[in-house]
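Visitor: upload.tsv is reproduced below (TSV, C-alpha atoms and all ligand atoms).
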chain	number	residue	atom	x	y	z
A	926	MET	CA	28.67	21.16	-21.20
A	927	ALA	CA	30.32	21.82	-17.86
A	928	LEU	CA	31.82	19.94	-14.95
A	929	LEU	CA	30.10	20.67	-11.64
A	930	PRO	CA	31.72	20.53	-8.17
A	931	ILE	CA	30.52	17.54	-6.11
A	932	LEU	CA	29.66	18.18	-2.44
A	933	GLU	CA	31.35	15.84	0.02
A	934	PHE	CA	30.22	14.42	3.39
A	935	PRO	CA	29.73	15.95	5.95
A	936	ASP	CA	28.69	19.06	3.96
A	937	PRO	CA	25.30	20.06	5.47
A	938	ARG	CA	23.96	20.98	2.01
A	939	LEU	CA	23.79	17.22	1.30
A	940	ARG	CA	20.97	17.13	3.91
A	941	THR	CA	18.68	19.40	1.85
A	942	LYS	CA	15.41	17.83	0.66
A	943	ALA	CA	14.92	18.10	-3.11
A	944	ARG	CA	11.77	19.65	-4.61
A	945	PRO	CA	9.91	17.98	-7.49
A	946	VAL	CA	10.73	19.18	-11.01
A	947	THR	CA	7.71	21.17	-12.23
A	948	ALA	CA	8.67	21.36	-15.94
A	949	VAL	CA	11.26	19.35	-17.87
A	950	ASP	CA	12.56	22.32	-19.84
A	951	ALA	CA	15.83	23.38	-21.49
A	952	SER	CA	17.43	24.36	-18.17
A	953	VAL	CA	16.68	20.93	-16.68
A	954	ARG	CA	18.10	19.26	-19.82
A	955	GLN	CA	21.25	21.41	-19.50
A	956	LEU	CA	21.65	20.25	-15.89
A	957	ILE	CA	21.14	16.61	-17.00
A	958	ASP	CA	23.95	16.99	-19.55
A	959	ASP	CA	26.30	18.68	-17.05
A	960	MET	CA	25.57	16.06	-14.36
A	961	THR	CA	26.14	13.22	-16.83
A	962	GLU	CA	29.50	14.70	-17.89
A	963	THR	CA	30.42	15.22	-14.21
A	964	MET	CA	29.48	11.61	-13.34
A	965	TYR	CA	31.58	10.19	-16.20
A	966	GLU	CA	34.58	12.37	-15.33
A	967	ALA	CA	34.38	11.24	-11.68
A	968	LYS	CA	34.09	7.54	-12.71
A	969	GLY	CA	30.68	7.26	-11.06
A	970	ILE	CA	27.66	5.13	-11.96
A	971	GLY	CA	25.02	7.41	-10.45
A	972	LEU	CA	24.68	11.05	-9.39
A	973	ALA	CA	21.79	12.90	-7.74
A	974	ALA	CA	21.25	16.66	-8.26
A	975	SER	CA	21.62	17.13	-4.47
A	976	GLN	CA	25.31	16.15	-4.82
A	977	VAL	CA	25.96	19.14	-7.11
A	978	ASP	CA	24.00	21.49	-4.82
A	979	ARG	CA	20.90	21.61	-7.06
A	980	HIS	CA	17.98	20.58	-4.89
A	981	ILE	CA	15.53	19.18	-7.42
A	982	GLN	CA	14.38	15.57	-7.88
A	983	LEU	CA	16.77	14.56	-10.67
A	984	ILE	CA	19.12	11.56	-10.98
A	985	VAL	CA	21.53	10.52	-13.74
A	986	MET	CA	22.98	7.02	-13.99
A	987	ASP	CA	24.94	4.75	-16.32
A	988	LEU	CA	25.34	1.12	-15.29
A	989	SER	CA	26.75	-0.06	-18.64
A	990	GLU	CA	30.29	-1.46	-18.93
A	991	ASP	CA	31.28	0.95	-21.73
A	992	LYS	CA	29.45	4.06	-20.43
A	993	SER	CA	27.17	4.01	-23.46
A	994	SER	CA	23.79	4.07	-21.69
A	995	PRO	CA	23.17	7.32	-19.82
A	996	ARG	CA	19.82	7.29	-18.01
A	997	VAL	CA	17.69	9.96	-16.34
A	998	PHE	CA	15.08	9.71	-13.56
A	999	ILE	CA	13.01	12.80	-12.76
A	1000	ASN	CA	10.59	12.90	-9.78
A	1001	PRO	CA	11.26	9.19	-9.15
A	1002	VAL	CA	9.03	7.12	-6.85
A	1003	ILE	CA	9.93	3.58	-5.79
A	1004	THR	CA	7.79	0.81	-4.29
A	1005	PRO	CA	9.47	-2.29	-2.82
A	1006	LEU	CA	8.21	-5.53	-4.38
A	1007	GLY	CA	8.30	-8.29	-1.76
A	1008	ASP	CA	10.24	-8.57	1.50
A	1009	GLU	CA	13.57	-9.83	0.19
A	1010	ARG	CA	16.59	-7.65	1.03
A	1011	SER	CA	20.05	-7.85	-0.53
A	1012	PRO	CA	23.44	-6.61	0.68
A	1013	TYR	CA	25.72	-4.58	-1.61
A	1014	ASP	CA	29.10	-2.94	-1.05
A	1015	GLU	CA	28.16	0.69	-1.72
A	1016	GLY	CA	30.30	3.73	-2.39
A	1017	CYS	CA	29.38	7.33	-3.19
A	1018	LEU	CA	31.00	10.21	-5.08
A	1019	SER	CA	30.18	12.36	-2.01
A	1020	VAL	CA	32.03	9.92	0.29
A	1021	PRO	CA	35.14	9.27	-1.83
A	1022	GLY	CA	37.36	6.34	-0.92
A	1023	PHE	CA	34.91	4.58	1.43
A	1024	TYR	CA	32.84	1.46	0.71
A	1025	GLU	CA	30.55	-0.34	3.15
A	1026	THR	CA	27.84	-3.00	2.92
A	1027	VAL	CA	24.24	-1.76	2.98
A	1028	GLU	CA	21.09	-3.92	2.88
A	1029	ARG	CA	18.08	-2.73	0.87
A	1030	PRO	CA	14.94	-4.20	-0.72
A	1031	ALA	CA	16.07	-6.51	-3.55
A	1032	ARG	CA	13.29	-5.63	-6.03
A	1033	VAL	CA	11.52	-2.30	-6.54
A	1034	LYS	CA	9.07	-0.74	-8.98
A	1035	ILE	CA	10.33	2.61	-10.31
A	1036	GLU	CA	8.01	5.33	-11.64
A	1037	ALA	CA	9.66	8.48	-13.04
A	1038	LEU	CA	9.82	10.98	-15.91
A	1039	ASP	CA	12.48	10.81	-18.64
A	1040	ARG	CA	14.39	13.74	-20.23
A	1041	ASN	CA	11.37	14.47	-22.44
A	1042	GLY	CA	9.05	14.67	-19.45
A	1043	GLU	CA	7.41	11.36	-20.40
A	1044	ARG	CA	6.32	9.06	-17.58
A	1045	PHE	CA	7.77	5.54	-17.49
A	1046	GLU	CA	7.64	2.53	-15.16
A	1047	GLU	CA	10.19	-0.21	-14.68
A	1048	VAL	CA	10.78	-3.15	-12.33
A	1049	ALA	CA	14.38	-3.21	-11.07
A	1050	ASP	CA	16.59	-5.73	-9.33
A	1051	GLY	CA	20.36	-6.16	-9.00
A	1052	LEU	CA	22.57	-3.08	-9.36
A	1053	LEU	CA	19.78	-0.87	-10.77
A	1054	ALA	CA	17.65	-1.53	-7.67
A	1055	VAL	CA	20.59	-0.67	-5.39
A	1056	CYS	CA	21.56	2.44	-7.33
A	1057	ILE	CA	18.09	3.97	-7.65
A	1058	GLN	CA	17.48	3.52	-3.91
A	1059	HIS	CA	20.89	5.05	-3.07
A	1060	GLU	CA	20.23	8.05	-5.35
A	1061	ILE	CA	16.65	8.63	-4.12
A	1062	ASP	CA	18.10	8.70	-0.59
A	1063	HIS	CA	20.27	11.66	-1.73
A	1064	LEU	CA	17.12	13.52	-2.86
A	1065	ASN	CA	15.77	13.01	0.67
A	1066	GLY	CA	18.99	14.27	2.28
A	1067	LYS	CA	20.12	10.76	3.24
A	1068	LEU	CA	23.55	9.16	2.67
A	1069	PHE	CA	24.66	5.51	2.73
A	1070	VAL	CA	26.81	6.25	5.79
A	1071	ASP	CA	23.55	6.87	7.72
A	1072	TYR	CA	22.96	3.08	7.61
A	1073	LEU	CA	26.31	2.36	9.33
A	1074	SER	CA	27.10	2.34	13.04
A	1075	SER	CA	27.75	5.81	14.47
A	1076	LEU	CA	31.33	4.68	15.18
A	1077	LYS	CA	31.97	3.88	11.49
A	1078	ARG	CA	30.19	7.05	10.34
A	1079	GLU	CA	32.22	9.25	12.73
A	1080	ARG	CA	35.49	7.65	11.59
A	1081	ILE	CA	34.64	8.38	7.94
A	1082	LYS	CA	33.58	11.94	8.86
A	1083	LYS	CA	36.86	12.64	10.67
A	1084	LYS	CA	38.99	11.28	7.81
A	1085	LEU	CA	37.14	13.32	5.18
A	1086	GLU	CA	37.22	16.49	7.33
A	1087	LYS	CA	40.98	16.08	7.70
A	1088	GLN	CA	41.35	15.71	3.90
A	1089	HIS	CA	39.19	18.79	3.32
A	1090	LYS	CA	41.36	20.86	5.71
A	1091	GLN	CA	44.53	19.72	3.92
A	1092	GLN	CA	42.99	20.71	0.58
A	1093	ALA	CA	41.99	24.16	1.87
B	1101	LIG	C1	26.03	4.90	-5.96
B	1101	LIG	O1	28.18	5.56	-6.55
B	1101	LIG	C2	26.13	3.42	-5.89
B	1101	LIG	O2	34.61	6.30	-3.48
B	1101	LIG	C3	26.88	5.51	-7.04
B	1101	LIG	O3	36.69	7.10	-4.96
B	1101	LIG	C4	27.29	2.79	-5.45
B	1101	LIG	O4	29.04	6.19	-8.49
B	1101	LIG	C5	25.07	2.65	-6.26
B	1101	LIG	C6	32.98	6.47	-6.73
B	1101	LIG	C7	27.36	1.42	-5.41
B	1101	LIG	C8	25.15	1.29	-6.21
B	1101	LIG	C9	26.28	0.66	-5.80
B	1101	LIG	C10	33.18	6.29	-5.38
B	1101	LIG	C11	34.05	6.88	-7.50
B	1101	LIG	C12	31.66	6.28	-7.36
B	1101	LIG	C13	34.41	6.49	-4.81
B	1101	LIG	C14	29.23	5.92	-7.34
B	1101	LIG	C15	35.49	6.91	-5.60
B	1101	LIG	C16	35.30	7.12	-6.94
B	1101	LIG	C17	30.53	6.00	-6.68
B	1102	CO	CO	25.86	8.72	-3.52
Please lay out the structure from this file as structure tokens.
Ligand code: QAP
Ligand code: CO
Guide:
Amino acid sequence: MALLPILEFPDPRLRTKARPVTAVDASVRQLIDDMTETMYEAKGIGLAASQVDRHIQLIVMDLSEDKSSPRVFINPVITPLGDERSPYDEGCLSVPGFYETVERPARVKIEALDRNGERFEEVADGLLAVCIQHEIDHLNGKLFVDYLSSLKRERIKKKLEKQHKQQA
């Protein structure tokens, strides 16, 4: 197992579009384990491969209270069910320290592969619906700050750039 560095906004590598996983093999399972460890260490609930500079369609997540339910979504596809949209105060491991309200479809159907390469389908609402949409955005090079006003986004960008310079 290994901890992976997490890219932070406005790193342009976060804009890369992820390719589908062609075979769920040992190297993909190794990356799943490393991403899961990285997510737990960072106190996150979801992490997309894009955030660790691996541009394949892979997401790990754990929405349980006691971090006992790691989940994997490979090549995920979502379909909104109905027109209802819900607001949620979102954060992101790639935008540390910032939280803003984003509105998304309230209910979605998820189709994906699991860590054994088996296809599954699930209807999601609540936090799972928010999280899977947020993480699939990462695979498409999109971040939650893209839904904010350009003023808010620029303020966040400047603050993070300043922190990155101080760390360098
Ligand atoms: C995405 O986000 C998400 O700023 C996952 O300092 C967020 O795991 C989906 C985190 C909200 C649904 C709702 C953020 C940790 C973790 C921070 C995360 C921070 C430390 C964010
Ligand atoms: Co995120």
Visitor: Kindly give the distance, in Å, that separates atom CA of Ser952 of chain A and atom CA of Ile999 of chain A, rounded to a single decimal.
Guide: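 Computed distance, atom CA of Ser952 of chain A to atom CA of Ile999 of chain A, equals 13.5 Å.
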Visitor: Using all atoms listed in the file, which protein or nucleic acid residues come within 10 Å of Arg940 of chain A? Drop anything in the same chain fewer than 5 positions from it, and give the result as a ChimeraX atom specification.
Guide: /A:934-935,975-976,980,1062-1068
Visitor: Check every protein, DNA and RNA residue against ligand CO 1102 (chain B), keep those with an atom at most 9 Å away (counting only C-alpha atoms and all ligand atoms), and present them as an MDAnalysis selection string.
Guide: chainID A and resid 971:973 976 1015:1020 1056 1059:1060 1062:1063 1068:1069
Visitor: Determine the axis-aligned bounding box of all atoms of ligand LIG 1101 (chain B) present in the file, pad each side by 5 Å, and express its centre and edge lengths in Å to one decimal place as lines of an AutoDock Vina configuration file.
Guide:
center_x = 30.9
center_y = 3.9
center_z = -6.0
size_x = 21.6
size_y = 16.5
size_z = 15.0
Visitor: Excluding Lys992 of chain A and any residue of its chain fewer than 6 positions from it, enumerate the residues within 10 Å of it, using all atoms listed in the file, and give them as a PyMOL selection string.
Guide: chain A and resi 965+968-970+986
Visitor: Looking at A:Leu988, A:Met964, A:Val997, A:Val1002, which one is nearest to Pro945 of chain A, with distances taken over only C-alpha atoms?
Guide: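 Distance minimum relative to Pro945 of chain A lands on A:Val1002.
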Visitor: Find the residues near segment 1003-1012 of chain A: any atom within 12 Å, counting all atoms listed in the file, skip ones fewer than 3 places away on the same chain, and give them as a PDB file with C-alpha atoms, in the frame of the given file.
Guide:
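Saved to result17.pdb:
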ATOM      1  CA  PHE A 998      15.080   9.710 -13.560  1.00  0.00           C
ATOM      2  CA  ILE A 999      13.010  12.800 -12.760  1.00  0.00           C
ATOM      3  CA  ASN A1000      10.590  12.900  -9.780  1.00  0.00           C
ATOM      4  CA  GLU A1015      28.160   0.690  -1.720  1.00  0.00           C
ATOM      5  CA  GLU A1025      30.550  -0.340   3.150  1.00  0.00           C
ATOM      6  CA  THR A1026      27.840  -3.000   2.920  1.00  0.00           C
ATOM      7  CA  VAL A1027      24.240  -1.760   2.980  1.00  0.00           C
ATOM      8  CA  GLU A1028      21.090  -3.920   2.880  1.00  0.00           C
ATOM      9  CA  ARG A1029      18.080  -2.730   0.870  1.00  0.00           C
ATOM     10  CA  PRO A1030      14.940  -4.200  -0.720  1.00  0.00           C
ATOM     11  CA  ALA A1031      16.070  -6.510  -3.550  1.00  0.00           C
ATOM     12  CA  ARG A1032      13.290  -5.630  -6.030  1.00  0.00           C
ATOM     13  CA  VAL A1033      11.520  -2.300  -6.540  1.00  0.00           C
ATOM     14  CA  LYS A1034       9.070  -0.740  -8.980  1.00  0.00           C
ATOM     15  CA  ILE A1035      10.330   2.610 -10.310  1.00  0.00           C
ATOM     16  CA  GLU A1036       8.010   5.330 -11.640  1.00  0.00           C
ATOM     17  CA  ALA A1037       9.660   8.480 -13.040  1.00  0.00           C
ATOM     18  CA  GLU A1046       7.640   2.530 -15.160  1.00  0.00           C
ATOM     19  CA  GLU A1047      10.190  -0.210 -14.680  1.00  0.00           C
ATOM     20  CA  VAL A1048      10.780  -3.150 -12.330  1.00  0.00           C
ATOM     21  CA  ALA A1049      14.380  -3.210 -11.070  1.00  0.00           C
ATOM     22  CA  ASP A1050      16.590  -5.730  -9.330  1.00  0.00           C
ATOM     23  CA  GLY A1051      20.360  -6.160  -9.000  1.00  0.00           C
ATOM     24  CA  LEU A1052      22.570  -3.080  -9.360  1.00  0.00           C
ATOM     25  CA  LEU A1053      19.780  -0.870 -10.770  1.00  0.00           C
ATOM     26  CA  ALA A1054      17.650  -1.530  -7.670  1.00  0.00           C
ATOM     27  CA  VAL A1055      20.590  -0.670  -5.390  1.00  0.00           C
ATOM     28  CA  CYS A1056      21.560   2.440  -7.330  1.00  0.00           C
ATOM     29  CA  ILE A1057      18.090   3.970  -7.650  1.00  0.00           C
ATOM     30  CA  GLN A1058      17.480   3.520  -3.910  1.00  0.00           C
ATOM     31  CA  HIS A1059      20.890   5.050  -3.070  1.00  0.00           C
ATOM     32  CA  GLU A1060      20.230   8.050  -5.350  1.00  0.00           C
ATOM     33  CA  ILE A1061      16.650   8.630  -4.120  1.00  0.00           C
ATOM     34  CA  ASP A1062      18.100   8.700  -0.590  1.00  0.00           C
ATOM     35  CA  TYR A1072      22.960   3.080   7.610  1.00  0.00           C
TER      36      TYR A1072
END
Visitor: When distances are computed from only C-alpha atoms, which of A:Leu1085, A:Ala948, A:Leu1076, A:Leu983 shows the smallest separation from Met960 of chain A?
Guide: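 Nearest candidate to Met960 of chain A out of A:Leu1085, A:Ala948, A:Leu1076, A:Leu983: A:Leu983.
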Visitor: Contacts of Ala967 of chain A at 10 Å or less, counting only C-alpha atoms, minus same-chain residues fewer than 6 places along, as a list in words?
Guide: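 The filter keeps Leu928, Ile931, Thr961 and Leu1018 of chain A.
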Visitor: Rounded to one decimal place, report the atom C5 of ligand LIG 1101 (chain B)-atom CA of Tyr1013 of chain A distance in Å.
Guide: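 One can read the atom C5 of ligand LIG 1101 (chain B) to atom CA of Tyr1013 of chain A distance as 8.6 Å.
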Visitor: Take atom O1 of ligand LIG 1101 (chain B) and atom CA of Pro930 of chain A and report the distance between them in Å, one decimal.
Guide: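 Spanning atom O1 of ligand LIG 1101 (chain B) to atom CA of Pro930 of chain A is a straight-line distance of 15.5 Å.
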